[in-house]
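Asks: Next up, model.txt (compact mmCIF, C-alpha atoms and all ligand atoms).
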```txt
# COMPACT_ATOMS: atom_id res chain seq x y z
CA MET W 29 -36.85 49.09 100.13
CA ILE W 30 -35.62 51.95 97.97
CA LYS W 31 -34.24 50.66 94.66
CA LEU W 32 -30.78 51.63 93.41
CA TYR W 33 -30.11 52.92 89.89
CA LEU W 34 -26.89 53.72 88.06
CA ALA W 35 -27.24 57.14 86.39
CA PRO W 36 -26.77 57.61 82.66
CA MET W 37 -23.42 59.35 82.08
CA GLU W 38 -22.16 60.05 78.59
CA GLU W 39 -18.71 58.52 77.97
CA LEU W 40 -18.83 56.78 81.35
CA THR W 41 -21.71 54.38 81.95
CA GLY W 42 -21.79 52.66 78.57
CA TYR W 43 -22.24 48.92 78.25
CA ILE W 44 -18.62 48.02 78.93
CA PHE W 45 -18.71 49.90 82.23
CA ARG W 46 -22.13 48.50 83.12
CA ASN W 47 -21.03 44.91 82.62
CA ALA W 48 -17.80 45.41 84.60
CA VAL W 49 -19.56 47.07 87.53
CA ASN W 50 -22.17 44.32 87.59
CA ARG W 51 -19.50 41.58 87.58
CA HIS W 52 -17.38 43.15 90.29
CA PHE W 53 -19.89 44.75 92.65
CA GLY W 54 -23.52 44.35 91.50
CA HIS W 55 -26.51 45.38 93.62
CA ILE W 56 -27.81 47.76 90.94
CA ASP W 57 -31.51 47.39 90.18
CA LYS W 58 -31.50 49.44 86.98
CA TYR W 59 -28.95 50.74 84.51
CA PHE W 60 -29.68 53.67 82.20
CA THR W 61 -27.80 54.11 78.95
CA PRO W 62 -26.17 57.48 78.33
CA PHE W 63 -28.49 59.51 76.09
CA LEU W 64 -29.10 58.24 72.57
CA SER W 65 -30.12 60.82 69.96
CA PRO W 66 -32.86 59.16 67.94
CA ASP W 67 -32.12 60.66 64.56
CA ASN W 68 -31.67 58.31 61.63
CA ARG W 69 -28.42 57.05 63.16
CA ILE W 70 -30.06 55.41 66.16
CA MET W 71 -29.29 51.89 65.05
CA LYS W 72 -25.85 52.64 63.76
CA THR W 73 -22.51 51.96 65.44
CA ARG W 74 -22.29 53.53 68.88
CA SER W 75 -25.98 53.65 69.76
CA ALA W 76 -26.59 50.16 68.45
CA ARG W 77 -23.66 48.75 70.40
CA GLU W 78 -25.04 50.40 73.51
CA ILE W 79 -28.39 48.66 73.32
CA ILE W 80 -28.00 45.38 71.47
CA PRO W 81 -29.18 42.69 73.90
CA ALA W 82 -25.98 40.65 73.55
CA ASN W 83 -24.06 43.53 75.13
CA ASN W 84 -26.43 43.81 78.07
CA GLU W 85 -27.12 40.23 79.09
CA GLY W 86 -28.34 39.80 82.65
CA LEU W 87 -28.70 43.55 83.23
CA TYR W 88 -31.95 45.50 83.52
CA VAL W 89 -31.19 48.32 81.10
CA VAL W 90 -33.29 51.35 80.25
CA PRO W 91 -32.33 53.09 77.02
CA GLN W 92 -32.51 56.88 77.32
CA LEU W 93 -33.65 59.02 74.40
CA LEU W 94 -32.83 62.69 73.87
CA THR W 95 -35.32 64.34 71.54
CA ASN W 96 -38.24 66.75 71.50
CA ASP W 97 -39.79 65.31 68.36
CA PRO W 98 -42.64 62.77 68.71
CA PRO W 99 -42.07 60.90 65.41
CA GLN W 100 -38.34 60.59 66.19
CA PHE W 101 -39.15 59.33 69.65
CA ASN W 102 -41.76 56.87 68.44
CA ASP W 103 -39.66 55.44 65.61
CA ALA W 104 -36.69 54.91 67.91
CA ALA W 105 -38.91 53.55 70.69
CA LYS W 106 -40.40 50.96 68.32
CA LEU W 107 -36.91 49.75 67.35
CA ILE W 108 -35.97 49.56 71.01
CA CYS W 109 -39.14 47.64 71.88
CA ASP W 110 -38.50 45.25 68.99
CA MET W 111 -35.20 44.41 70.70
CA GLY W 112 -37.12 43.33 73.78
CA TYR W 113 -36.81 46.37 76.07
CA GLN W 114 -39.74 47.13 78.36
CA GLU W 115 -38.79 50.62 79.44
CA ILE W 116 -37.54 53.86 77.88
CA ASN W 117 -36.37 57.03 79.61
CA ILE W 118 -36.73 60.54 78.23
CA ASN W 119 -33.97 63.08 78.90
CA PHE W 120 -35.21 66.49 80.12
CA GLY W 121 -32.03 67.17 82.04
CA CYS W 122 -28.97 67.52 79.82
CA PRO W 123 -27.55 71.01 80.57
CA SER W 124 -25.12 71.24 77.63
CA ASN W 125 -25.67 74.46 75.69
CA THR W 126 -25.54 72.71 72.32
CA VAL W 127 -28.40 70.45 73.40
CA ALA W 128 -30.42 72.98 75.44
CA SER W 129 -30.26 75.68 72.76
CA LYS W 130 -32.27 73.31 70.52
CA PHE W 131 -34.93 72.95 73.24
CA LYS W 132 -33.78 69.41 73.95
CA GLY W 133 -32.67 67.98 77.29
CA SER W 134 -33.02 70.69 79.94
CA GLY W 135 -33.80 73.13 77.08
CA ILE W 136 -37.37 71.85 76.94
CA LEU W 137 -37.90 73.08 80.51
CA ARG W 138 -38.09 76.64 79.19
CA SER W 139 -40.96 75.82 76.86
CA PRO W 140 -43.83 74.13 78.70
CA GLU W 141 -45.92 74.29 75.48
CA LEU W 142 -43.31 72.32 73.53
CA MET W 143 -42.98 69.84 76.40
CA ASP W 144 -46.73 69.30 76.45
CA ARG W 145 -46.89 68.84 72.67
CA PHE W 146 -43.99 66.39 72.74
CA LEU W 147 -45.44 64.32 75.59
CA ASP W 148 -48.81 64.33 73.90
CA GLY W 149 -47.18 62.66 70.87
CA VAL W 150 -45.33 60.19 73.07
CA PHE W 151 -48.42 59.12 75.02
CA ASP W 152 -50.79 59.41 72.06
CA LYS W 153 -53.17 56.51 71.53
CA LYS W 154 -52.63 56.50 67.76
CA GLY W 155 -49.39 55.73 65.93
CA SER W 156 -47.17 56.04 68.97
CA ALA W 157 -44.78 53.35 70.18
CA LEU W 158 -47.06 53.01 73.18
CA SER W 159 -50.07 52.22 70.97
CA GLN W 160 -48.10 49.35 69.40
CA TYR W 161 -46.46 48.22 72.65
CA PRO W 162 -49.04 48.99 75.37
CA ASP W 163 -46.84 47.48 78.10
CA LEU W 164 -44.00 49.90 77.37
CA ARG W 165 -43.05 51.88 80.47
CA ILE W 166 -42.00 55.45 79.90
CA SER W 167 -40.03 57.39 82.47
CA VAL W 168 -38.48 60.84 82.42
CA LYS W 169 -35.33 62.26 83.98
CA THR W 170 -35.61 65.97 84.62
CA ARG W 171 -33.98 68.94 86.25
CA VAL W 172 -36.14 71.36 88.23
CA GLY W 173 -36.11 74.25 85.80
CA TYR W 174 -34.01 76.23 83.37
CA ASN W 175 -32.95 79.54 84.90
CA GLU W 176 -35.64 80.16 87.48
CA THR W 177 -36.98 78.07 90.33
CA SER W 178 -40.44 79.31 89.36
CA ASP W 179 -40.15 77.30 86.08
CA PHE W 180 -40.73 74.10 88.00
CA GLU W 181 -44.35 74.72 88.86
CA LYS W 182 -45.35 74.69 85.17
CA VAL W 183 -43.13 71.69 84.50
CA LEU W 184 -44.79 69.76 87.31
CA ASP W 185 -48.25 70.68 86.03
CA ILE W 186 -47.39 69.14 82.67
CA LEU W 187 -45.56 66.07 83.96
CA ASP W 188 -48.55 65.34 86.16
CA LEU W 189 -50.80 65.07 83.08
CA TYR W 190 -49.01 61.98 81.72
CA PRO W 191 -48.81 58.39 83.03
CA PHE W 192 -45.05 58.19 83.58
CA TYR W 193 -43.80 54.94 85.04
CA GLU W 194 -41.26 56.92 87.07
CA ILE W 195 -40.15 60.52 87.32
CA ILE W 196 -36.46 60.90 88.08
CA ILE W 197 -35.58 64.30 89.49
CA HIS W 198 -32.15 65.87 89.72
CA PRO W 199 -33.03 68.94 91.78
CA ARG W 200 -30.79 71.47 90.08
CA LEU W 201 -31.64 74.10 87.48
CA LYS W 202 -30.02 74.00 84.06
CA LYS W 203 -28.01 77.09 84.99
CA ASP W 204 -26.70 75.36 88.16
CA LEU W 205 -24.91 72.75 86.06
CA TYR W 206 -23.45 70.70 88.97
CA ASN W 207 -22.79 73.67 91.26
CA HIS W 208 -24.39 74.46 94.61
CA LYS W 209 -26.38 71.99 96.62
CA PRO W 210 -29.42 70.14 95.23
CA ARG W 211 -32.54 72.26 95.67
CA MET W 212 -34.35 70.00 98.09
CA GLU W 213 -37.28 72.38 98.57
CA LEU W 214 -38.16 71.90 94.90
CA PHE W 215 -37.72 68.16 95.16
CA ARG W 216 -40.08 68.18 98.12
CA SER W 217 -42.63 70.18 96.12
CA ALA W 218 -42.51 67.50 93.41
CA CYS W 219 -43.17 64.80 96.02
CA ALA W 220 -46.16 66.76 97.26
CA LYS W 221 -47.60 67.31 93.78
CA LEU W 222 -46.90 64.22 91.68
CA THR W 223 -48.95 61.07 92.00
CA GLY W 224 -46.52 58.53 90.50
CA ASP W 225 -43.24 57.05 91.72
CA ILE W 226 -40.38 59.49 92.16
CA VAL W 227 -36.68 58.75 91.91
CA TYR W 228 -34.17 61.01 93.66
CA ASN W 229 -30.88 61.81 91.93
CA GLY W 230 -28.08 64.09 93.09
CA ASP W 231 -24.90 64.24 95.17
CA ILE W 232 -24.99 60.77 96.70
CA PHE W 233 -21.27 60.18 97.13
CA SER W 234 -21.28 57.69 99.99
CA ALA W 235 -23.46 55.15 101.78
CA ALA W 236 -23.72 57.74 104.58
CA ASP W 237 -25.16 60.31 102.10
CA PHE W 238 -27.68 57.70 100.97
CA ASN W 239 -28.68 56.82 104.53
CA ALA W 240 -29.15 60.47 105.51
CA LEU W 241 -31.38 61.05 102.48
CA THR W 242 -33.50 57.96 102.92
CA GLU W 243 -34.04 58.84 106.56
CA LEU W 244 -35.34 62.18 105.36
CA PHE W 245 -37.54 60.56 102.69
CA ASP W 246 -39.01 58.13 105.23
CA ASP W 247 -39.84 60.80 107.79
CA PRO W 248 -43.61 61.20 107.63
CA SER W 249 -43.38 64.77 108.89
CA ASP W 250 -41.15 65.91 106.07
CA GLY W 251 -43.38 65.93 103.00
CA TYR W 252 -41.55 63.22 101.03
CA ALA W 253 -43.17 60.25 102.74
CA GLY W 254 -43.76 57.21 100.59
CA LYS W 255 -43.12 58.92 97.26
CA VAL W 256 -39.45 58.19 96.70
CA THR W 257 -39.10 54.65 95.43
CA ALA W 258 -35.52 54.71 94.12
CA ALA W 259 -32.24 56.58 94.30
CA MET W 260 -30.04 57.12 91.26
CA ILE W 261 -26.28 57.53 91.68
CA GLY W 262 -23.90 58.94 89.06
CA ARG W 263 -20.57 60.53 89.98
CA GLY W 264 -20.47 58.76 93.35
CA ALA W 265 -20.63 55.42 91.54
CA ILE W 266 -17.75 56.21 89.20
CA LYS W 267 -15.63 57.27 92.18
CA ASP W 268 -16.65 54.18 94.14
CA PRO W 269 -18.48 51.51 92.10
CA GLY W 270 -18.86 49.48 95.31
CA ILE W 271 -21.26 52.08 96.70
CA PHE W 272 -24.38 50.08 95.76
CA ARG W 273 -23.13 46.92 97.47
CA GLN W 274 -22.15 48.93 100.54
CA ILE W 275 -25.61 50.48 100.72
CA ARG W 276 -27.29 47.09 100.43
CA THR W 277 -25.04 44.84 102.48
CA ASP W 278 -22.86 47.21 104.49
CA LYS W 279 -19.81 45.63 102.82
CA ALA W 280 -17.71 48.46 101.42
CA GLY W 281 -15.55 47.86 98.37
CA THR W 282 -11.89 47.34 99.29
CA LYS W 283 -8.99 49.04 97.55
CA ALA W 284 -7.97 45.68 96.04
CA GLU W 285 -11.47 45.19 94.61
CA LEU W 286 -11.50 48.71 93.18
CA PHE W 287 -8.12 48.24 91.54
CA ASP W 288 -9.12 44.87 90.06
CA PHE W 289 -12.24 46.50 88.66
CA LEU W 290 -10.27 49.39 87.12
CA ASP W 291 -7.65 47.07 85.61
CA GLU W 292 -10.30 44.82 84.08
CA LEU W 293 -12.32 47.77 82.83
CA TYR W 294 -9.24 49.05 80.99
CA GLU W 295 -8.65 45.64 79.41
CA ASP W 296 -12.33 45.43 78.37
CA TYR W 297 -12.17 48.87 76.78
CA LYS W 298 -8.93 47.96 75.00
CA GLU W 299 -10.47 44.82 73.54
CA VAL W 300 -13.34 46.75 71.98
CA LEU W 301 -11.92 50.22 71.33
CA GLY W 302 -8.16 49.80 71.05
CA THR W 303 -5.49 51.16 73.40
CA ASP W 304 -5.73 54.91 72.72
CA ASN W 305 -9.51 55.07 73.06
CA ALA W 306 -9.38 52.82 76.12
CA ILE W 307 -6.92 55.21 77.75
CA SER W 308 -9.16 58.22 77.04
CA LYS W 309 -12.11 56.36 78.56
CA MET W 310 -10.08 55.49 81.64
CA LYS W 311 -8.94 59.11 82.02
CA GLU W 312 -12.60 60.08 82.46
CA VAL W 313 -13.05 57.32 85.03
CA TRP W 314 -9.90 58.34 86.91
CA SER W 315 -11.08 61.96 87.11
CA TYR W 316 -13.66 60.61 89.59
CA VAL W 317 -11.63 57.81 91.19
CA THR W 318 -8.88 60.27 92.14
CA LEU W 319 -11.43 62.03 94.36
CA LEU W 320 -10.48 59.26 96.78
CA ILE W 321 -7.15 61.06 97.24
CA PRO W 322 -7.90 63.42 100.11
CA ASP W 323 -5.18 66.02 99.52
CA GLU W 324 -6.23 68.25 96.62
CA LYS W 325 -2.74 69.16 95.41
CA GLU W 326 -1.72 65.52 95.40
CA ARG W 327 -4.94 64.60 93.63
CA MET W 328 -4.33 67.15 90.87
CA ARG W 329 -0.74 65.94 90.44
CA VAL W 330 -1.82 62.30 90.14
CA LEU W 331 -4.61 63.14 87.72
CA LYS W 332 -2.26 65.20 85.57
CA THR W 333 0.13 62.25 85.30
CA ILE W 334 -2.70 60.00 84.18
CA VAL W 335 -4.17 62.54 81.78
CA SER W 336 -0.83 63.18 80.08
CA ALA W 337 0.03 59.46 79.78
CA LYS W 338 0.36 58.25 76.22
CA GLY W 339 0.48 54.55 75.33
CA ASP W 340 -0.14 51.42 77.36
CA ALA W 341 3.13 51.38 79.36
CA ARG W 342 2.93 55.04 80.42
CA TYR W 343 -0.72 54.69 81.35
CA LYS W 344 0.04 51.67 83.52
CA ASP W 345 2.96 53.50 85.22
CA ALA W 346 0.68 56.45 85.99
CA VAL W 347 -1.93 54.08 87.40
CA ILE W 348 0.63 52.47 89.73
CA VAL W 349 1.39 55.93 91.14
CA ALA W 350 -2.33 56.74 91.50
CA LYS W 351 -3.06 53.47 93.29
CA GLY W 352 -0.29 54.23 95.77
CA LYS W 353 -1.98 57.49 96.75
CA ILE W 354 -5.50 56.20 97.24
CA ARG W 355 -6.43 55.75 100.91
C1 LIG U 401 -19.98 63.39 82.53
C2 LIG U 401 -21.48 63.34 82.73
C3 LIG U 401 -22.29 62.80 81.74
C4 LIG U 401 -23.68 62.74 81.91
N1 LIG U 401 -24.47 62.19 80.92
C5 LIG U 401 -25.82 62.12 81.11
C6 LIG U 401 -26.67 61.50 80.14
O1 LIG U 401 -26.24 60.99 79.10
N2 LIG U 401 -28.01 61.49 80.39
C7 LIG U 401 -28.54 62.02 81.55
O2 LIG U 401 -29.76 61.98 81.75
N3 LIG U 401 -27.75 62.58 82.48
C8 LIG U 401 -26.42 62.64 82.30
N4 LIG U 401 -25.64 63.16 83.28
C9 LIG U 401 -26.26 63.56 84.56
C10 LIG U 401 -26.23 62.38 85.56
O3 LIG U 401 -27.04 61.32 85.10
C11 LIG U 401 -26.74 62.82 86.95
O4 LIG U 401 -28.02 63.35 86.80
C12 LIG U 401 -25.84 63.89 87.58
O5 LIG U 401 -24.48 63.51 87.50
C13 LIG U 401 -26.25 64.10 89.04
O6 LIG U 401 -26.17 62.89 89.77
P1 LIG U 401 -24.89 62.57 90.72
O7 LIG U 401 -24.79 63.71 91.68
O8 LIG U 401 -25.23 61.26 91.38
O9 LIG U 401 -23.70 62.50 89.83
C14 LIG U 401 -24.27 63.25 83.11
C15 LIG U 401 -23.45 63.79 84.10
C16 LIG U 401 -22.08 63.85 83.93
C17 LIG U 401 -21.22 64.45 85.03
```
Will you turn the file into structure tokens for me?
Ligand SMILES: Cc1cc2nc3c(=O)[nH]c(=O)nc-3n(C[C@H](O)[C@H](O)[C@H](O)COP(=O)(O)O)c2cc1C

Replies:
Amino acid sequence: MIKLYLAPMEELTGYIFRNAVNRHFGHIDKYFTPFLSPDNRIMKTRSAREIIPANNEGLYVVPQLLTNDPPQFNDAAKLICDMGYQEININFGCPSNTVASKFKGSGILRSPELMDRFLDGVFDKKGSALSQYPDLRISVKTRVGYNETSDFEKVLDILDLYPFYEIIIHPRLKKDLYNHKPRMELFRSACAKLTGDIVYNGDIFSAADFNALTELFDDPSDGYAGKVTAAMIGRGAIKDPGIFRQIRTDKAGTKAELFDFLDELYEDYKEVLGTDNAISKMKEVWSYVTLLIPDEKERMRVLKTIVSAKGDARYKDAVIVAKGKIR
């Protein structure tokens, strides 16, 4: 059975969200933290809160690191292992220009030499986190290239040299951002080439999308057969956090369940971050939840009311209006 993962999403899938989604809907095999930059601040404030075990009880969490520097990776990985984690994910996908211009995230996809040097340091037998914690599982989450589809061949050659626990592929180029359709022909080429487990990520917005994809992955004539062991869902899970349960049990989330989840999430954010920050967090969440409003003009109107709401009472009024429009 294909496993189900919640994607890392900065500002969205932090520990407060993870715990709420687990309590209300569950059926998620693995949670990834939004990227953590392992400079000397890794164990300070936000990053530390994200990964301290007390904030992640009962969840299988994989911290994600964004770096292209082996010592930075290894130092952070050792701290993470000391906290009891068994798995770490490397980010080769972030398309933000600030990140990519420093050859981090998707930026590393335009320098196969740098990628190889970095991975060599990560998987090195001496001095690495892996040498100290030999059971540590290292996975990577990657796009399929920077500007050109031809980039991917070199990337695959390098990824194939290292014993990744899993390779998570979002089949878009850096320059695609989230536009166009996922480039399935490149995803298929990865399935044909790579020996390890592959995780598919991209544009799963409903249980029907998931079913169509898994049918494709299971079809022995289609080149994917047997290689895809998990599916990772991001935006579709913010819009409908019940998607995992629906995939597993066929029981879709109801409107009442969704609204309970959103109300509790807001209260949880308020408790930790205060009202203003909780409202900004919820605005991000609502930018996906309002996709459940079929009429675009109405959706934009509702979202605007939420986004411009200031203070607890106004936010709650805007939410009442939004709930009334969701089908
Ligand atoms: C707002 C936002 C924040 C994201 N943050 C991260 C991140 O921290 N690390 C990461 O690897 N990917 C990040 N992503 C990419 C998602 O994990 C995922 O690859 C992408 O949304 C495609 O999957 P989906 O179609 O299921 O949403 C982010 C995406 C969005 C839209």

Asks: Hey, which residues sit close to ligand LIG 401 (chain U)? Say within 8 Å, counting all atoms listed in the file, and write them as a VMD selection string.

Replies: chain W and resid 35 to 40 61 to 64 92 118 to 122 169 to 170 198 206 229 to 233 260 to 265

Asks: Return as JSON the box centre and box size in Å, one decimal, for an axis-aligned box around all listed atoms of range 214-224 of chain W padded by 8 Å per side.

Replies:
```
{"center_x": -43.3, "center_y": 65.2, "center_z": 94.3, "size_x": 27.2, "size_y": 29.4, "size_z": 23.6}
```

Asks: Counting all atoms listed in the file, figure out which residue out of W:Leu94, W:Ile197, W:Lys221, W:Pro162 gets nearest to Leu184 in chain W.

Replies: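 Closest to Leu184 in chain W, using all atoms listed in the file: W:Lys221.
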
Asks: For each of W:Glu115, W:Asp291, W:Asp225, W:Asp250, take the minimum atom-to-atom distance to Glu194 in chain W, counting all atoms listed in the file, then give the residue where this is smallest.

Replies: W:Asp225

Asks: For Met328 in chain W, which of W:Arg342, W:Lys353, W:Arg273, W:Arg165 is the closest residue, counting all atoms listed in the file?

Replies: W:Lys353

Asks: Please provide the set of residues having any atom within 12 Å of Pro81 in chain W, restricted to all atoms listed in the file, with same-chain residues fewer than 5 positions apart removed, written as a list of chain:residue names.

Replies: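 What passes the distance filter is W:Tyr43, W:Ala76, W:Gly86, W:Leu87, W:Tyr88, W:Val89, W:Val90, W:Pro91, W:Ile108, W:Cys109, W:Asp110, W:Met111, W:Gly112, W:Tyr113.
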
Asks: State, in Å with one decimal place, the distance from CA of Phe272 in chain W to CA of Tyr343 in chain W.

Replies: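 Distance reported for this atom pair: 28.1 Å.
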
Asks: Kindly indicate which residue among W:Phe289, W:Leu137, W:Asp268, W:Gly224 lies nearest to Tyr316 in chain W, using all atoms listed in the file for the distances.

Replies: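 Looking at the shortest contact to Tyr316 in chain W, the residue is W:Asp268.
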
Asks: Using Å and a single decimal, report how far CA of Arg74 in chain W sits from CA of Asp340 in chain W.

Replies: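 CA of Arg74 in chain W lies at a distance of 23.8 Å from CA of Asp340 in chain W.
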
Asks: List as JSON, numbers by chain the protein and nucleic acid residues near range 177-181 of chain W, meaning an atom at most 8 Å away when all atoms listed in the file are counted, but skip any in the same chain fewer than 2 places from it.

Replies: {"W": [137, 138, 172, 173, 174, 175, 183, 184, 185, 201, 214]}

Asks: Measure the distance from CA of Tyr190 in chain W to CA of Ala128 in chain W in Å and round it to one decimal.

Replies: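 Straight-line distance from CA of Tyr190 in chain W to CA of Ala128 in chain W works out to 22.5 Å.
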
Asks: Given all atoms listed in the file as the basis, pick out the residue of W:Val168, W:Ile79, W:Leu293, W:Ile266 nearest to Met143 in chain W.

Replies: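 Smallest distance to Met143 in chain W is found for W:Val168.
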
Asks: What's around Lys344 in chain W at 12 Å? Count all atoms listed in the file, leave out sequence neighbours fewer than 5 positions away in its own chain, and write the answer as an MDAnalysis selection string.

Replies: chainID W and resid 287 290:291 294:295 303 307 310:311 333:335 337:339 349:351

Asks: Under the rule that all atoms listed in the file are counted, which of W:Val347, W:Ala280, W:Val49, W:Ile56 is the nearest residue to Leu34 in chain W?

Replies: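 Ranked by minimum distance to Leu34 in chain W, first place goes to W:Ile56.
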